[in-house]
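To start, the structure itself, in structure tokens.
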Amino acid sequence: MTAEDASVLAAKLSAFPRLGLASLPTPLEPMKRLTAHLGGPRLWVKREDATGLGFGGNKLRKLDYVLHEAVASGADALVSGGVVQSNSQRQVAAAAAKLGLACHLAVYHGRLAPPAPEYETSGNALLNRLFGAHLHDVPWTGDRNAAIEELGNRLRREGRRPYFVPYGVSSPLGAVAYASTIAEIAEQSRALGIRPAAIVHCTGSAGTQAGLVVGGAVAMPGTRIVGIDIDAEPERVRSDVIAYARAAADLIGTSFDEDDIEVVAGHAGPAYGVPHAATIEAIRLAGALEALPLDPVYSGKGLAGLIALARQGRWPGDTDVIFIHTGGAPALFAYQSVLGI
């Protein structure tokens with residue numbers, strides 16, 4: 001990892017315009033108390049929850065690039081979707097409000113049973129309404145984007161100019177956008193004098209990991225990208241990471257080794273969106289030791305996976321490992337009665 005590696009990646013990404021919706025770069029901070037609690041390795045957190053707009057999160061970094069295309073195309077509405085407590089939907093709704101665009105969201109019901117009475121109305125669901133989004137309840141079929149596309153087609157027939165934002169903002173351009181995280185981490189690590197052994201994060205809709213893999217191949221080839229499956233679908237997740245990474249690599253003119261794509265299974269709990277004991281332990285530790293609010297669907301499970309790997313001795317105590325906090329704190333309020341906090 002050299003300054004030249006980071007600058008090569010930055011130069012490749014500079015060809016893609018962004019709106020400036022996200023507050024970047026996000027901080028890279030030590031987690032000294034969690035490190036001490038686990039007995040190593042040295043843990044750091046990349047604060048993607050601090051991207052700013054609408055409570056922030058990793059999707060906002062993707063939207064910064066993707067929605068430049070929406071604005072340039074003359075769209076008057078954004079169309080996206082997700083489950084009731086989707087962090088992605090909330091960030092799309094926030095971006096639409098900021099840009100003065102209508103926002104229509106396909107809200108999937110049936111992917112998981114509401115885990116708490118407050119699930120349907122608080123947290124991200126409350127913020128979606130606050131940001132002025134139009135919510136359209138649809139059944140979950142397993143197809144992440146079909147209902148979003150159908151909603152967009154309906155709006156188009158009504159004379160609107162909708163722009164389709166895929167589930168999780170996971171697309172080739174979304175992955176390119178997320179490679180910018182690596183450019184920041186490479187520069188921040190060099191300034192701190194560290195050479196991270198791994199970057200660990202939660203992975204589900206796959207665009208985030210695809211961006212990290214492609215960016216890492218250019219600017220941090222010695223750092224392992226470790227995705228913690230939060231969907232309980234590790235084979236599907238890895239397949240999607242490969243597909244998005246291939247397309248993103250083509251867009252920026254680079255390559256990566258598919259054998260390096262690691263999706264770790266076994267930390268998703270019983271199902272997507274259902275926290276288990278390890279998730280709740282990770283949320284409690286992050287809060288009590290580092291004042292980091294993690295959510296029970298994504299970042300909580302991601303940290304649970306990192307903690308398990310650390311306890312298994314995956315990394316020596318004198319190595320540096322970075323955890324990406326993808327955001328999602330509002331969902332805590334929608335799960336309050338099942339967290340026991």
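Here's how to read the names in the structure tokens: chain A, B, ... by the order shown, residue numbers from 1 in each chain, ligand numbers from 1 in the order shown.
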(request) Report as a PyMOL selection string: the residues of stretch 31-277 of chain A with a DSSP assignment of strand (DSSP E), based on the backbone of this structure. (result) chain A and resi 42-47+77-83+102-109+134-139+162-164+198-203+224-229+262-264
Go through stretch 132-221 of chain A residue by residue and, counting only C-alpha atoms, keep those with an atom at most 12 Å from stretch 2-23 of chain A; for each kept residue give the shortest atom pair and its distance in Å to one decimal, ordered by chain and increasing number, as a Markdown table.
```
| residue | atom | partner | partner_atom | distance |
| --- | --- | --- | --- | --- |
| A:Leu173 | CA | A:Phe16 | CA | 8.9 |
| A:Gly174 | CA | A:Phe16 | CA | 11.0 |
| A:Ala175 | CA | A:Leu13 | CA | 11.1 |
| A:Val176 | CA | A:Leu13 | CA | 7.4 |
| A:Ala177 | CA | A:Leu13 | CA | 7.7 |
| A:Tyr178 | CA | A:Leu13 | CA | 9.9 |
| A:Ala179 | CA | A:Leu13 | CA | 8.0 |
| A:Ser180 | CA | A:Leu13 | CA | 7.1 |
| A:Thr181 | CA | A:Ala10 | CA | 10.2 |
| A:Ile182 | CA | A:Ala6 | CA | 8.1 |
| A:Ala183 | CA | A:Ala6 | CA | 5.3 |
| A:Glu184 | CA | A:Ala6 | CA | 8.0 |
| A:Ile185 | CA | A:Ala6 | CA | 8.9 |
| A:Ala186 | CA | A:Ala6 | CA | 6.0 |
| A:Glu187 | CA | A:Ala6 | CA | 6.5 |
| A:Gln188 | CA | A:Ala6 | CA | 10.1 |
| A:Ser189 | CA | A:Thr2 | CA | 9.9 |
| A:Arg190 | CA | A:Thr2 | CA | 7.5 |
| A:Ala191 | CA | A:Ala3 | CA | 9.7 |
| A:Gly193 | CA | A:Thr2 | CA | 11.1 |
| A:Ile194 | CA | A:Thr2 | CA | 11.4 |
| A:Arg195 | CA | A:Thr2 | CA | 10.1 |
| A:Gly211 | CA | A:Leu13 | CA | 11.3 |
| A:Leu212 | CA | A:Leu9 | CA | 11.7 |
| A:Val214 | CA | A:Leu9 | CA | 9.6 |
| A:Gly215 | CA | A:Leu9 | CA | 6.8 |
| A:Gly216 | CA | A:Leu9 | CA | 9.1 |
| A:Ala217 | CA | A:Leu9 | CA | 9.5 |
| A:Val218 | CA | A:Leu9 | CA | 6.1 |
| A:Ala219 | CA | A:Asp5 | CA | 4.4 |
| A:Met220 | CA | A:Asp5 | CA | 7.4 |
| A:Pro221 | CA | A:Asp5 | CA | 9.2 |
```
(request) Write out as a PyMOL selection string the residues lying within 10 Å of stretch 132-145 of chain A, counting only C-alpha atoms and excluding same-chain residues fewer than 3 positions away. (result) chain A and resi 78-84+89-90+92-94+96-97+101-112+125+127-129+148-151+164-168+205
Restricting the output to N, CA and C atoms, write the selected residues as a tab-separated table (two decimals), in the first residue's frame.
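New file out.tsv:
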```
chain	number	residue	atom	x	y	z
A	78	LEU	N	-37.50	9.52	-7.51
A	78	LEU	CA	-36.67	8.36	-7.25
A	78	LEU	C	-37.57	7.21	-6.85
A	79	VAL	N	-37.26	6.02	-7.36
A	79	VAL	CA	-38.03	4.83	-7.04
A	79	VAL	C	-37.06	3.78	-6.51
A	80	SER	N	-37.34	3.28	-5.31
A	80	SER	CA	-36.50	2.25	-4.73
A	80	SER	C	-37.35	1.38	-3.83
A	81	GLY	N	-36.71	0.54	-3.02
A	81	GLY	CA	-37.49	-0.33	-2.16
A	81	GLY	C	-36.64	-1.09	-1.18
A	82	GLY	N	-37.34	-1.79	-0.28
A	82	GLY	CA	-36.68	-2.58	0.74
A	82	GLY	C	-37.70	-2.97	1.80
A	83	VAL	N	-37.25	-3.67	2.82
A	83	VAL	CA	-38.15	-4.05	3.90
A	83	VAL	C	-38.51	-2.82	4.72
A	84	VAL	N	-39.41	-2.98	5.67
A	84	VAL	CA	-39.95	-1.85	6.43
A	84	VAL	C	-38.83	-1.04	7.07
A	89	GLN	N	-33.59	2.41	1.99
A	89	GLN	CA	-34.76	3.22	1.67
A	89	GLN	C	-34.69	4.58	2.36
A	90	ARG	N	-34.31	4.56	3.62
A	90	ARG	CA	-34.23	5.81	4.39
A	90	ARG	C	-33.23	6.78	3.76
A	92	VAL	N	-32.29	6.82	0.55
A	92	VAL	CA	-32.87	7.28	-0.72
A	92	VAL	C	-33.89	8.37	-0.45
A	93	ALA	N	-34.74	8.18	0.56
A	93	ALA	CA	-35.76	9.17	0.89
A	93	ALA	C	-35.11	10.49	1.31
A	94	ALA	N	-34.04	10.42	2.09
A	94	ALA	CA	-33.35	11.63	2.53
A	94	ALA	C	-32.73	12.36	1.34
A	96	ALA	N	-33.68	12.21	-1.79
A	96	ALA	CA	-34.75	12.78	-2.61
A	96	ALA	C	-35.24	14.09	-2.03
A	97	ALA	N	-35.41	14.12	-0.69
A	97	ALA	CA	-35.86	15.36	-0.05
A	97	ALA	C	-34.86	16.48	-0.27
A	101	LEU	N	-36.77	15.95	-5.16
A	101	LEU	CA	-37.39	14.94	-6.01
A	101	LEU	C	-38.44	14.18	-5.22
A	102	ALA	N	-39.48	13.74	-5.90
A	102	ALA	CA	-40.44	12.85	-5.25
A	102	ALA	C	-39.76	11.52	-4.97
A	103	CYS	N	-40.23	10.81	-3.96
A	103	CYS	CA	-39.65	9.53	-3.62
A	103	CYS	C	-40.77	8.50	-3.43
A	104	HIS	N	-40.69	7.42	-4.18
A	104	HIS	CA	-41.66	6.34	-4.07
A	104	HIS	C	-40.91	5.05	-3.71
A	105	LEU	N	-41.36	4.42	-2.63
A	105	LEU	CA	-40.66	3.24	-2.11
A	105	LEU	C	-41.59	2.03	-2.09
A	106	ALA	N	-41.10	0.93	-2.66
A	106	ALA	CA	-41.81	-0.34	-2.57
A	106	ALA	C	-41.39	-0.99	-1.25
A	107	VAL	N	-42.30	-1.03	-0.30
A	107	VAL	CA	-41.99	-1.54	1.04
A	107	VAL	C	-42.40	-3.01	1.11
A	108	TYR	N	-41.41	-3.88	1.21
A	108	TYR	CA	-41.66	-5.32	1.19
A	108	TYR	C	-42.14	-5.83	2.55
A	109	HIS	N	-43.22	-6.59	2.50
A	109	HIS	CA	-43.75	-7.24	3.70
A	109	HIS	C	-43.70	-8.76	3.50
A	110	GLY	N	-43.26	-9.47	4.51
A	110	GLY	CA	-43.23	-10.92	4.44
A	110	GLY	C	-41.85	-11.51	4.38
A	111	ARG	N	-40.80	-10.68	4.18
A	111	ARG	CA	-39.45	-11.24	4.20
A	111	ARG	C	-39.09	-11.70	5.62
A	112	LEU	N	-39.59	-10.96	6.62
A	112	LEU	CA	-39.44	-11.37	8.00
A	112	LEU	C	-40.68	-10.96	8.76
A	125	ALA	N	-38.82	3.53	9.38
A	125	ALA	CA	-40.16	3.75	8.84
A	125	ALA	C	-40.66	5.14	9.18
A	127	LEU	N	-38.71	7.74	9.76
A	127	LEU	CA	-37.91	8.70	9.01
A	127	LEU	C	-38.34	8.76	7.55
A	128	ASN	N	-38.72	7.64	6.97
A	128	ASN	CA	-39.22	7.66	5.58
A	128	ASN	C	-40.40	8.61	5.45
A	129	ARG	N	-41.32	8.54	6.41
A	129	ARG	CA	-42.48	9.43	6.38
A	129	ARG	C	-42.05	10.87	6.63
A	148	ILE	N	-39.92	-2.86	-7.44
A	148	ILE	CA	-39.41	-1.49	-7.63
A	148	ILE	C	-39.56	-1.11	-9.10
A	149	GLU	N	-39.17	-2.01	-9.98
A	149	GLU	CA	-39.29	-1.74	-11.41
A	149	GLU	C	-40.75	-1.56	-11.83
A	150	GLU	N	-41.64	-2.38	-11.26
A	150	GLU	CA	-43.06	-2.27	-11.57
A	150	GLU	C	-43.61	-0.93	-11.11
A	151	LEU	N	-43.18	-0.48	-9.92
A	151	LEU	CA	-43.60	0.82	-9.42
A	151	LEU	C	-43.11	1.93	-10.34
A	164	PHE	N	-34.74	4.70	-11.37
A	164	PHE	CA	-34.71	3.44	-10.62
A	164	PHE	C	-33.43	3.34	-9.79
A	165	VAL	N	-33.61	3.21	-8.48
A	165	VAL	CA	-32.49	2.97	-7.57
A	165	VAL	C	-32.63	1.54	-7.06
A	166	PRO	N	-31.72	0.64	-7.42
A	166	PRO	CA	-31.91	-0.76	-7.07
A	166	PRO	C	-31.85	-1.02	-5.56
A	167	TYR	N	-32.37	-2.14	-5.17
A	167	TYR	CA	-32.34	-2.60	-3.79
A	167	TYR	C	-30.91	-2.50	-3.25
A	168	GLY	N	-30.75	-1.82	-2.13
A	168	GLY	CA	-29.43	-1.67	-1.54
A	168	GLY	C	-28.49	-0.74	-2.30
A	205	SER	N	-26.63	-7.20	0.09
A	205	SER	CA	-27.01	-6.95	-1.31
A	205	SER	C	-25.79	-6.87	-2.22
```
(request) Extract, using only C-alpha atoms, all DNA, RNA and protein residues at most 10 Å from A:Arg311, discarding same-chain residues fewer than 4 positions from it, and format them as a VMD selection string. (result) chain A and resid 38 to 41 305 to 307 315
(request) For atom CA of A:Gly56 and atom CA of A:Ser88, determine how far apart the two atoms are, in Å to one decimal place. (result) 10.0 Å
